[in-house]
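This is structure16.cif (mmCIF, C-alpha atoms and all ligand atoms).
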data_query
#
loop_
_atom_site.group_PDB
_atom_site.id
_atom_site.type_symbol
_atom_site.label_atom_id
_atom_site.label_comp_id
_atom_site.auth_asym_id
_atom_site.auth_seq_id
_atom_site.Cartn_x
_atom_site.Cartn_y
_atom_site.Cartn_z
ATOM 1 C CA MET A 218 -27.514 29.503 -0.583
ATOM 2 C CA MET A 219 -26.048 31.545 -3.437
ATOM 3 C CA PHE A 220 -28.969 33.864 -4.035
ATOM 4 C CA THR A 221 -27.296 35.708 -6.906
ATOM 5 C CA LYS A 222 -27.144 32.482 -8.929
ATOM 6 C CA LEU A 223 -30.896 31.936 -8.548
ATOM 7 C CA ILE A 224 -31.913 35.183 -10.249
ATOM 8 C CA LYS A 225 -30.436 36.189 -13.599
ATOM 9 C CA LYS A 226 -28.652 39.523 -13.494
ATOM 10 C CA GLU A 227 -30.980 41.251 -15.959
ATOM 11 C CA ILE A 228 -34.055 39.934 -14.143
ATOM 12 C CA LEU A 229 -32.646 41.193 -10.826
ATOM 13 C CA GLN A 230 -32.142 44.621 -12.411
ATOM 14 C CA ARG A 231 -35.763 44.656 -13.606
ATOM 15 C CA LEU A 232 -36.922 43.647 -10.124
ATOM 16 C CA VAL A 233 -34.854 46.409 -8.490
ATOM 17 C CA ASP A 234 -36.140 48.984 -10.986
ATOM 18 C CA ALA A 235 -39.760 47.929 -10.377
ATOM 19 C CA ALA A 236 -39.387 48.267 -6.588
ATOM 20 C CA VAL A 237 -37.675 51.656 -6.866
ATOM 21 C CA GLN A 238 -40.261 52.967 -9.353
ATOM 22 C CA ALA A 239 -43.150 51.790 -7.165
ATOM 23 C CA SER A 240 -41.767 53.756 -4.209
ATOM 24 C CA ALA A 241 -42.407 56.972 -6.157
ATOM 25 C CA ASN A 242 -46.141 56.159 -6.054
ATOM 26 C CA ALA A 243 -46.224 55.400 -2.327
ATOM 27 C CA PHE A 244 -48.938 57.180 -0.359
ATOM 28 C CA HIS A 245 -47.148 58.121 2.849
ATOM 29 C CA PRO A 246 -48.464 61.312 4.455
ATOM 30 C CA ILE A 247 -47.511 60.067 7.950
ATOM 31 C CA THR A 248 -43.812 59.215 7.512
ATOM 32 C CA PRO A 249 -41.107 60.538 5.219
ATOM 33 C CA ALA A 250 -40.328 57.179 3.631
ATOM 34 C CA GLY A 251 -41.996 55.991 0.446
ATOM 35 C CA VAL A 252 -41.306 52.282 0.238
ATOM 36 C CA GLY A 253 -41.470 50.192 -2.925
ATOM 37 C CA ALA A 254 -41.535 46.444 -3.395
ATOM 38 C CA ALA A 255 -41.678 43.962 -6.231
ATOM 39 C CA VAL A 256 -42.503 40.257 -6.392
ATOM 40 C CA LEU A 257 -40.722 37.985 -8.866
ATOM 41 C CA THR A 258 -42.745 34.923 -9.809
ATOM 42 C CA THR A 259 -41.171 31.606 -10.788
ATOM 43 C CA GLU A 260 -42.144 32.532 -14.370
ATOM 44 C CA ASP A 261 -40.040 35.717 -14.029
ATOM 45 C CA GLU A 262 -43.060 37.990 -14.004
ATOM 46 C CA ILE A 263 -42.835 41.064 -11.796
ATOM 47 C CA PHE A 264 -45.607 42.677 -9.749
ATOM 48 C CA SER A 265 -44.874 45.850 -7.822
ATOM 49 C CA GLY A 266 -46.406 47.547 -4.824
ATOM 50 C CA CYS A 267 -45.893 50.511 -2.544
ATOM 51 C CA ASN A 268 -46.765 51.432 0.999
ATOM 52 C CA VAL A 269 -50.129 53.078 1.601
ATOM 53 C CA GLN A 270 -50.644 54.932 4.881
ATOM 54 C CA THR A 271 -53.879 56.225 6.328
ATOM 55 C CA THR A 272 -54.737 58.424 9.269
ATOM 56 C CA ILE A 273 -56.697 55.510 10.746
ATOM 57 C CA SER A 274 -54.262 53.252 12.558
ATOM 58 C CA GLY A 275 -53.900 49.757 11.097
ATOM 59 C CA LEU A 276 -55.631 50.528 7.826
ATOM 60 C CA GLY A 277 -52.515 51.040 5.732
ATOM 61 C CA VAL A 278 -50.426 48.409 4.004
ATOM 62 C CA CYS A 279 -46.708 47.760 3.599
ATOM 63 C CA ALA A 280 -45.181 47.820 0.125
ATOM 64 C CA GLU A 281 -44.361 44.095 0.226
ATOM 65 C CA GLN A 282 -47.963 43.201 1.077
ATOM 66 C CA CYS A 283 -49.221 45.493 -1.698
ATOM 67 C CA ALA A 284 -46.880 43.780 -4.201
ATOM 68 C CA ILE A 285 -47.947 40.287 -3.081
ATOM 69 C CA TYR A 286 -51.637 41.220 -3.301
ATOM 70 C CA HIS A 287 -50.950 42.641 -6.774
ATOM 71 C CA ALA A 288 -49.470 39.259 -7.806
ATOM 72 C CA VAL A 289 -52.362 37.357 -6.207
ATOM 73 C CA ALA A 290 -54.863 39.580 -8.013
ATOM 74 C CA ASN A 291 -53.176 38.439 -11.217
ATOM 75 C CA GLY A 292 -53.492 34.779 -10.264
ATOM 76 C CA LYS A 293 -49.822 34.309 -9.321
ATOM 77 C CA TYR A 294 -48.976 32.446 -6.109
ATOM 78 C CA ASP A 295 -45.527 30.943 -6.774
ATOM 79 C CA TYR A 296 -42.739 33.401 -5.999
ATOM 80 C CA LYS A 297 -39.000 33.279 -6.432
ATOM 81 C CA ALA A 298 -38.220 36.569 -4.697
ATOM 82 C CA VAL A 299 -39.659 39.599 -2.975
ATOM 83 C CA ALA A 300 -37.637 42.802 -3.288
ATOM 84 C CA VAL A 301 -38.036 45.823 -1.049
ATOM 85 C CA TYR A 302 -36.628 49.287 -1.647
ATOM 86 C CA PHE A 303 -36.277 51.473 1.416
ATOM 87 C CA PRO A 304 -34.764 54.901 0.789
ATOM 88 C CA SER A 305 -31.988 54.790 3.363
ATOM 89 C CA LYS A 306 -28.308 53.953 3.377
ATOM 90 C CA LYS A 307 -29.091 50.947 5.591
ATOM 91 C CA PHE A 308 -30.527 47.765 4.161
ATOM 92 C CA ILE A 309 -33.986 47.330 5.680
ATOM 93 C CA LYS A 310 -35.653 43.930 5.966
ATOM 94 C CA PRO A 311 -39.406 43.460 5.594
ATOM 95 C CA CYS A 312 -41.290 43.880 8.874
ATOM 96 C CA GLY A 313 -42.423 40.828 10.839
ATOM 97 C CA VAL A 314 -45.920 40.931 9.367
ATOM 98 C CA CYS A 315 -44.572 40.959 5.814
ATOM 99 C CA LEU A 316 -42.128 38.145 6.600
ATOM 100 C CA GLN A 317 -45.049 36.080 7.885
ATOM 101 C CA LEU A 318 -47.045 36.801 4.724
ATOM 102 C CA ILE A 319 -44.078 35.825 2.530
ATOM 103 C CA ASN A 320 -43.689 32.681 4.653
ATOM 104 C CA GLU A 321 -47.328 31.773 3.965
ATOM 105 C CA PHE A 322 -46.650 31.710 0.240
ATOM 106 C CA ALA A 323 -43.315 29.922 0.702
ATOM 107 C CA GLN A 324 -45.165 27.153 2.550
ATOM 108 C CA VAL A 325 -47.980 27.051 -0.009
ATOM 109 C CA VAL A 326 -45.500 26.077 -2.732
ATOM 110 C CA ASN A 327 -42.995 24.473 -0.330
ATOM 111 C CA LYS A 328 -40.029 26.594 -1.449
ATOM 112 C CA ASP A 329 -37.853 29.226 0.137
ATOM 113 C CA ILE A 330 -38.389 32.773 -1.151
ATOM 114 C CA ILE A 331 -35.434 35.111 -1.627
ATOM 115 C CA ILE A 332 -35.703 38.536 -0.052
ATOM 116 C CA VAL A 333 -33.843 41.307 -1.876
ATOM 117 C CA MET A 334 -33.154 44.432 0.167
ATOM 118 C CA ILE A 335 -32.394 47.549 -1.879
ATOM 119 C CA ASN A 336 -30.875 50.660 -0.318
ATOM 120 C CA ASN A 337 -30.926 54.278 -1.478
ATOM 121 C CA GLN A 338 -27.824 53.696 -3.611
ATOM 122 C CA LYS A 339 -29.696 50.869 -5.357
ATOM 123 C CA LYS A 340 -27.284 48.334 -3.952
ATOM 124 C CA VAL A 341 -28.734 44.965 -3.005
ATOM 125 C CA ARG A 342 -28.348 42.527 -0.160
ATOM 126 C CA PHE A 343 -29.986 39.106 0.008
ATOM 127 C CA THR A 344 -31.589 36.946 2.610
ATOM 128 C CA SER A 345 -34.503 34.525 2.470
ATOM 129 C CA VAL A 346 -37.701 33.941 4.366
ATOM 130 C CA ASN A 347 -36.368 30.622 5.716
ATOM 131 C CA ASN A 348 -33.293 32.451 7.015
ATOM 132 C CA GLU A 349 -35.444 35.045 8.734
ATOM 133 C CA LEU A 350 -38.299 32.861 10.004
ATOM 134 C CA ARG A 351 -36.865 29.405 10.485
ATOM 135 C CA ASP A 352 -39.552 26.901 11.538
ATOM 136 C CA ALA A 353 -42.182 29.625 11.537
ATOM 137 C CA TYR A 354 -45.842 28.895 11.982
ATOM 138 C CA GLY A 355 -47.708 28.660 8.692
ATOM 139 C CA PRO A 356 -50.026 26.490 6.600
ATOM 140 C CA ARG A 357 -47.807 23.389 6.899
ATOM 141 C CA THR A 358 -47.373 23.616 10.657
ATOM 142 C CA SER A 359 -51.111 23.835 11.005
ATOM 143 C CA GLY A 360 -51.448 20.697 8.868
ATOM 144 C CA ARG A 361 -52.638 22.405 5.732
ATOM 145 C CA ASP A 362 -51.103 21.484 2.390
ATOM 146 C CA LEU A 363 -52.288 24.261 0.120
ATOM 147 C CA SER A 364 -50.215 23.194 -2.899
ATOM 148 C CA ALA A 365 -53.199 21.411 -4.472
ATOM 149 C CA TYR A 366 -55.337 24.504 -3.887
ATOM 150 C CA VAL A 367 -52.863 26.683 -5.773
ATOM 151 C CA LYS A 368 -52.417 24.146 -8.597
ATOM 152 C CA ASN A 369 -56.183 23.929 -9.134
ATOM 153 C CA LYS A 370 -56.716 27.678 -9.237
HETATM 154 ZN ZN ZN B 1 -44.297 45.110 6.363
#

Represent the supplied structure as C-alpha cells.
Amino acid sequence: MMFTKLIKKEILQRLVDAAVQASANAFHPITPAGVGAAVLTTEDEIFSGCNVQTTISGLGVCAEQCAIYHAVANGKYDYKAVAVYFPSKKFIKPCGVCLQLINEFAQVVNKDIIIVMINNQKKVRFTSVNNELRDAYGPRTSGRDLSAYVKNK
C-alpha cells in the first residue's frame, strides 16, 4: 500500500505537528521520553494525545491511547491514521496494547489504519495496523459487527 498517497501532504504535516506538539505536554516523571500522538479521522480532523505516567503501576496511558480517547470523546470513531512521535533517532512503533486498540477501531469500520512513526528529526515512516497485527483478534473475530453501532451513534 502506498501510504503517502492516502494522506495529503499538508494534512500529514498537520498530523506530524499535532503529535510533536502534544509530546511537550506529556506527563512523564518516570521516564525521560515525552511521547505525542495524533489521530487523523476520515474527515481529516485531528485529535492529539500524550503519554501520562503515574507512580502507581498500570494507571498511566500511552500517547496513542490518549489521542484515540480524545477522538472518541469527540464522537469520532472512523480513523485514517494514527501518528506517534517518539523523541529518538529510531522510528518507534506503538506498543502491543496500542496496536490492539487501533485494531479494534480498524475492525469497527472494517478498514486498515495507517500508522505514522515520527522520529526526533521529524522524519516519518509508515506502516499499518493490518501489517503489524495480521489476523489479530478483535470485534470481527469474536463475531461482533460494530459498524452499525458506530453509524447509529
Ligand atoms: Zn502504547

Nearest-residue call for Asn336 in chain A, choices A:Pro249, A:Pro356, A:Gly275, A:Pro304, using only C-alpha atoms: A:Pro304

Protein and nucleic acid residues within 12 Å of ligand ZN 1 (chain B) (only C-alpha atoms and all ligand atoms) as a ChimeraX atom specification: /A:252-254,266-270,275,277-285,299-303,309-319

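Of the listed residues A:Ala298, A:Val341, A:Leu276, A:Gln324, the one whose atoms come nearest to Phe264 in chain A is A:Ala298, with distances taken using all atoms listed in the file.
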
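Separating CA of Lys226 in chain A from CA of Asn320 in chain A is a distance of 24.5 Å.
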
Residues in the PyMOL selection byres (((chain A and resi 293) around 12) and not hetatm), expressed as a ChimeraX atom specification: /A:256-264,284-292,294-297,322,325-326,367-368,370

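Pairwise distance (CA of Ile247 in chain A, CA of Gln338 in chain A) equals 23.7 Å.
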
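With CA of Ala250 in chain A on one side and CA of Thr272 in chain A on the other, the separation reads 15.5 Å.
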
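A distance cut-off of 7 Å around (-36.5, 36.1, 2.7), counting all atoms listed in the file, selects these protein and nucleic acid residues: Ile330, Ile331, Ile332, Thr344, Ser345, Val346, Asn347, Asn348 and Glu349 of chain A.
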
Can you sort out the box for range 235-240 of chain A, edges along x, y and z, all listed atoms in, 4 Å on every side, with centre and edge lengths in Å to one decimal, as AutoDock Vina command-line options?
--center_x -40.4 --center_y 50.8 --center_z -7.3 --size_x 13.5 --size_y 13.8 --size_z 14.2

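Of the listed residues A:Ala323, A:Ser364, A:Arg351, A:Ser265, the one whose atoms come nearest to Ala243 in chain A is A:Ser265, with distances taken using only C-alpha atoms.
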
Best match for closeness to Gly251 in chain A among A:Ala235, A:Ser305, A:Asn369, A:Gly360, counting only C-alpha atoms: A:Ser305

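Of the listed residues (A:Glu321, A:Gln238, A:Met334, A:Arg342), A:Glu321 comes nearest to Tyr354 in chain A; the distances count only C-alpha atoms.
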